[in-house]
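S.K.: PDB, C-alpha atoms, file coords27.pdb:
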ATOM      1  CA  MET A  24      15.506 -37.557 -36.620  1.00  0.00           C
ATOM      2  CA  GLN A  25      19.242 -37.939 -36.187  1.00  0.00           C
ATOM      3  CA  ILE A  26      21.152 -40.647 -34.329  1.00  0.00           C
ATOM      4  CA  GLU A  27      24.047 -39.380 -32.214  1.00  0.00           C
ATOM      5  CA  LEU A  28      26.704 -41.266 -30.271  1.00  0.00           C
ATOM      6  CA  VAL A  29      27.125 -40.038 -26.699  1.00  0.00           C
ATOM      7  CA  SER A  30      30.792 -40.017 -25.718  1.00  0.00           C
ATOM      8  CA  VAL A  31      31.525 -41.854 -22.486  1.00  0.00           C
ATOM      9  CA  ASP A  32      32.565 -38.639 -20.717  1.00  0.00           C
ATOM     10  CA  LEU A  33      29.096 -37.172 -21.391  1.00  0.00           C
ATOM     11  CA  VAL A  34      27.084 -40.244 -20.388  1.00  0.00           C
ATOM     12  CA  PRO A  35      26.657 -39.161 -16.723  1.00  0.00           C
ATOM     13  CA  MET A  36      25.156 -35.853 -17.882  1.00  0.00           C
ATOM     14  CA  VAL A  37      22.795 -37.539 -20.370  1.00  0.00           C
ATOM     15  CA  LEU A  38      21.624 -40.393 -18.118  1.00  0.00           C
ATOM     16  CA  PRO A  39      18.941 -38.380 -16.300  1.00  0.00           C
ATOM     17  CA  LYS A  40      17.400 -37.553 -19.686  1.00  0.00           C
ATOM     18  CA  VAL A  41      17.353 -41.177 -20.902  1.00  0.00           C
ATOM     19  CA  ARG A  42      16.798 -43.117 -17.671  1.00  0.00           C
ATOM     20  CA  GLU A  43      13.095 -43.734 -18.365  1.00  0.00           C
ATOM     21  CA  HIS A  44      13.894 -45.024 -21.857  1.00  0.00           C
ATOM     22  CA  LEU A  45      16.448 -47.423 -20.365  1.00  0.00           C
ATOM     23  CA  LYS A  46      14.050 -48.643 -17.674  1.00  0.00           C
ATOM     24  CA  GLU A  47      11.339 -49.267 -20.248  1.00  0.00           C
ATOM     25  CA  GLY A  48      13.657 -51.159 -22.574  1.00  0.00           C
ATOM     26  CA  PHE A  49      15.390 -53.287 -19.975  1.00  0.00           C
ATOM     27  CA  ALA A  50      12.071 -54.202 -18.340  1.00  0.00           C
ATOM     28  CA  HIS A  51      11.621 -56.649 -21.228  1.00  0.00           C
ATOM     29  CA  THR A  52      14.799 -58.662 -20.669  1.00  0.00           C
ATOM     30  CA  ASP A  53      16.458 -60.786 -18.019  1.00  0.00           C
ATOM     31  CA  PHE A  54      19.892 -59.986 -19.470  1.00  0.00           C
ATOM     32  CA  CYS A  55      20.508 -57.142 -17.010  1.00  0.00           C
ATOM     33  CA  SER A  56      18.713 -54.314 -15.267  1.00  0.00           C
ATOM     34  CA  ALA A  57      18.615 -50.673 -16.305  1.00  0.00           C
ATOM     35  CA  GLU A  58      20.821 -49.868 -13.322  1.00  0.00           C
ATOM     36  CA  GLN A  59      23.444 -52.362 -14.473  1.00  0.00           C
ATOM     37  CA  ALA A  60      23.247 -50.926 -17.973  1.00  0.00           C
ATOM     38  CA  GLU A  61      23.964 -47.466 -16.564  1.00  0.00           C
ATOM     39  CA  VAL A  62      27.172 -48.796 -15.000  1.00  0.00           C
ATOM     40  CA  PHE A  63      28.244 -50.372 -18.308  1.00  0.00           C
ATOM     41  CA  LEU A  64      27.519 -47.109 -20.119  1.00  0.00           C
ATOM     42  CA  CYS A  65      29.406 -44.978 -17.591  1.00  0.00           C
ATOM     43  CA  ASN A  66      32.520 -47.153 -17.621  1.00  0.00           C
ATOM     44  CA  GLY A  67      32.593 -47.381 -21.418  1.00  0.00           C
ATOM     45  CA  THR A  68      31.832 -51.102 -21.706  1.00  0.00           C
ATOM     46  CA  TRP A  69      28.695 -50.223 -23.675  1.00  0.00           C
ATOM     47  CA  GLN A  70      27.936 -47.248 -25.914  1.00  0.00           C
ATOM     48  CA  LEU A  71      24.866 -45.031 -25.844  1.00  0.00           C
ATOM     49  CA  LEU A  72      23.222 -43.682 -28.970  1.00  0.00           C
ATOM     50  CA  VAL A  73      20.306 -41.265 -28.836  1.00  0.00           C
ATOM     51  CA  GLY A  74      17.731 -40.370 -31.431  1.00  0.00           C
ATOM     52  CA  VAL A  75      17.086 -36.632 -31.419  1.00  0.00           C
ATOM     53  CA  ASN A  76      14.638 -34.453 -33.324  1.00  0.00           C
ATOM     54  CA  ASP A  77      15.458 -31.127 -35.006  1.00  0.00           C
ATOM     55  CA  GLU A  78      15.200 -29.345 -31.647  1.00  0.00           C
ATOM     56  CA  LYS A  79      17.782 -31.790 -30.177  1.00  0.00           C
ATOM     57  CA  GLU A  80      15.152 -33.368 -27.893  1.00  0.00           C
ATOM     58  CA  ILE A  81      15.832 -37.030 -27.150  1.00  0.00           C
ATOM     59  CA  GLN A  82      13.197 -39.260 -28.727  1.00  0.00           C
ATOM     60  CA  GLY A  83      14.743 -42.661 -28.067  1.00  0.00           C
ATOM     61  CA  VAL A  84      17.898 -44.533 -27.110  1.00  0.00           C
ATOM     62  CA  TYR A  85      19.936 -47.472 -28.313  1.00  0.00           C
ATOM     63  CA  VAL A  86      22.560 -49.315 -26.279  1.00  0.00           C
ATOM     64  CA  MET A  87      25.312 -51.396 -27.836  1.00  0.00           C
TER      65      MET A  87
END
Using the file provided, produce a representation of the structure as structure tokens.

M.R.:
Amino acid sequence: MQIELVSVDLVPMVLPKVREHLKEGFAHTDFCSAEQAEVFLCNGTWQLLVGVNDEKEIQGVYVM
């Protein structure tokens, strides 16, 4: 597995592929919702990293 940083200009194109991962992760916190996280990712406040397998299929996400 490789970890790749998604540039902010590509986040809107990647979001549909990672939305379920975000919803699952943010369901366990009161910090913010997955929808709020999407806004932070799209405006560049936060960064999105994805874990991909050899076929470049997304296996997981990390937000920082």

S.K.: Using the chain letters and numbers from this file, what does the PyMOL selection byres ((chain A and resi 74) around 12) select? Give the answer as a ChimeraX atom specification.

M.R.: /A:24-29,41,44,71-73,75-86

S.K.: What does the structure give for the distance between atom CA of Glu61 of chain A and atom CA of Leu38 of chain A, in Å to one decimal?

M.R.: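 Going from atom CA of Glu61 of chain A over to atom CA of Leu38 of chain A covers 7.6 Å.
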
S.K.: Pick the closest to Val31 of chain A from A:Met87, A:Cys55, A:Ala50, A:Cys65: which is it, counting all atoms listed in the file?

M.R.: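 The answer is A:Cys65, which sits nearest to Val31 of chain A.
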
S.K.: Give me the box for segment 31-46 of chain A as lines of an AutoDock Vina configuration file, namely the centre and edge lengths in Å to one decimal of a box along x, y and z that holds every listed atom plus 6 Å on each side.

M.R.:
center_x = 22.8
center_y = -42.2
center_z = -19.4
size_x = 31.5
size_y = 24.8
size_z = 18.2

S.K.: Just the number, please: distance in Å from atom CA of Val62 of chain A to atom CA of Leu33 of chain A, one decimal.

M.R.: 13.4 Å

S.K.: Would you compute the distance between atom CA of Ala60 of chain A and atom CA of Lys46 of chain A? Give it in Å to one decimal.

M.R.: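 Value for the atom CA of Ala60 of chain A-atom CA of Lys46 of chain A distance: 9.5 Å.
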
S.K.: Taking the structure I provided as the source, export segment 48-59 of chain A with all heavy atoms, as a compact mmCIF listing (two decimals), in the first residue's frame.

M.R.:
# COMPACT_ATOMS: atom_id res chain seq x y z
N GLY A 48 -15.41 7.57 9.60
CA GLY A 48 -14.44 8.11 10.56
C GLY A 48 -15.00 9.22 11.42
O GLY A 48 -14.79 9.24 12.64
N PHE A 49 -15.71 10.15 10.81
CA PHE A 49 -16.22 11.28 11.58
C PHE A 49 -17.48 10.94 12.38
O PHE A 49 -17.94 11.75 13.19
CB PHE A 49 -16.45 12.49 10.67
CG PHE A 49 -15.17 13.21 10.33
CD1 PHE A 49 -14.50 12.96 9.15
CD2 PHE A 49 -14.61 14.10 11.24
CE1 PHE A 49 -13.31 13.59 8.86
CE2 PHE A 49 -13.42 14.74 10.96
CZ PHE A 49 -12.76 14.48 9.77
N ALA A 50 -18.02 9.76 12.20
CA ALA A 50 -19.15 9.31 13.02
C ALA A 50 -18.72 9.07 14.46
O ALA A 50 -19.56 9.02 15.36
CB ALA A 50 -19.75 8.05 12.44
N HIS A 51 -17.41 8.96 14.69
CA HIS A 51 -16.89 8.65 16.02
C HIS A 51 -16.36 9.87 16.76
O HIS A 51 -15.65 9.73 17.75
CB HIS A 51 -15.77 7.60 15.90
CG HIS A 51 -16.22 6.34 15.24
ND1 HIS A 51 -16.99 5.39 15.88
CD2 HIS A 51 -16.04 5.88 13.98
CE1 HIS A 51 -17.25 4.41 15.05
NE2 HIS A 51 -16.69 4.68 13.89
N THR A 52 -16.70 11.06 16.29
CA THR A 52 -16.21 12.28 16.94
C THR A 52 -17.28 13.36 16.94
O THR A 52 -18.16 13.38 16.08
CB THR A 52 -14.94 12.81 16.23
OG1 THR A 52 -14.47 13.96 16.93
CG2 THR A 52 -15.19 13.18 14.79
N ASP A 53 -17.19 14.23 17.92
CA ASP A 53 -18.07 15.40 17.97
C ASP A 53 -17.34 16.64 17.46
O ASP A 53 -17.88 17.73 17.48
CB ASP A 53 -18.54 15.66 19.41
CG ASP A 53 -19.45 14.56 19.91
OD1 ASP A 53 -20.16 13.95 19.08
OD2 ASP A 53 -19.45 14.29 21.13
N PHE A 54 -16.09 16.45 17.01
CA PHE A 54 -15.27 17.58 16.56
C PHE A 54 -15.90 18.30 15.38
O PHE A 54 -16.00 19.51 15.36
CB PHE A 54 -13.87 17.08 16.21
CG PHE A 54 -12.94 18.16 15.75
CD1 PHE A 54 -12.48 19.12 16.63
CD2 PHE A 54 -12.54 18.23 14.43
CE1 PHE A 54 -11.64 20.12 16.21
CE2 PHE A 54 -11.69 19.22 14.00
CZ PHE A 54 -11.24 20.17 14.89
N CYS A 55 -16.33 17.54 14.38
CA CYS A 55 -17.05 18.09 13.23
C CYS A 55 -17.70 16.94 12.49
O CYS A 55 -17.43 15.78 12.75
CB CYS A 55 -16.13 18.92 12.33
SG CYS A 55 -15.00 17.97 11.32
N SER A 56 -18.51 17.28 11.52
CA SER A 56 -19.18 16.26 10.72
C SER A 56 -18.36 15.98 9.46
O SER A 56 -17.44 16.74 9.10
CB SER A 56 -20.57 16.74 10.31
OG SER A 56 -20.47 17.83 9.40
N ALA A 57 -18.70 14.91 8.77
CA ALA A 57 -18.03 14.59 7.52
C ALA A 57 -18.27 15.69 6.49
O ALA A 57 -17.38 16.01 5.70
CB ALA A 57 -18.52 13.25 6.99
N GLU A 58 -19.45 16.28 6.51
CA GLU A 58 -19.76 17.35 5.57
C GLU A 58 -18.89 18.58 5.84
O GLU A 58 -18.41 19.22 4.90
CB GLU A 58 -21.25 17.72 5.66
CG GLU A 58 -22.17 16.64 5.13
CD GLU A 58 -22.41 15.50 6.12
OE1 GLU A 58 -22.10 15.65 7.34
OE2 GLU A 58 -22.89 14.44 5.66
N GLN A 59 -18.68 18.90 7.10
CA GLN A 59 -17.80 20.02 7.43
C GLN A 59 -16.36 19.71 7.03
O GLN A 59 -15.65 20.58 6.53
CB GLN A 59 -17.87 20.32 8.93
CG GLN A 59 -19.20 20.91 9.36
CD GLN A 59 -19.35 20.93 10.87
OE1 GLN A 59 -18.99 19.98 11.56
NE2 GLN A 59 -19.90 22.02 11.39
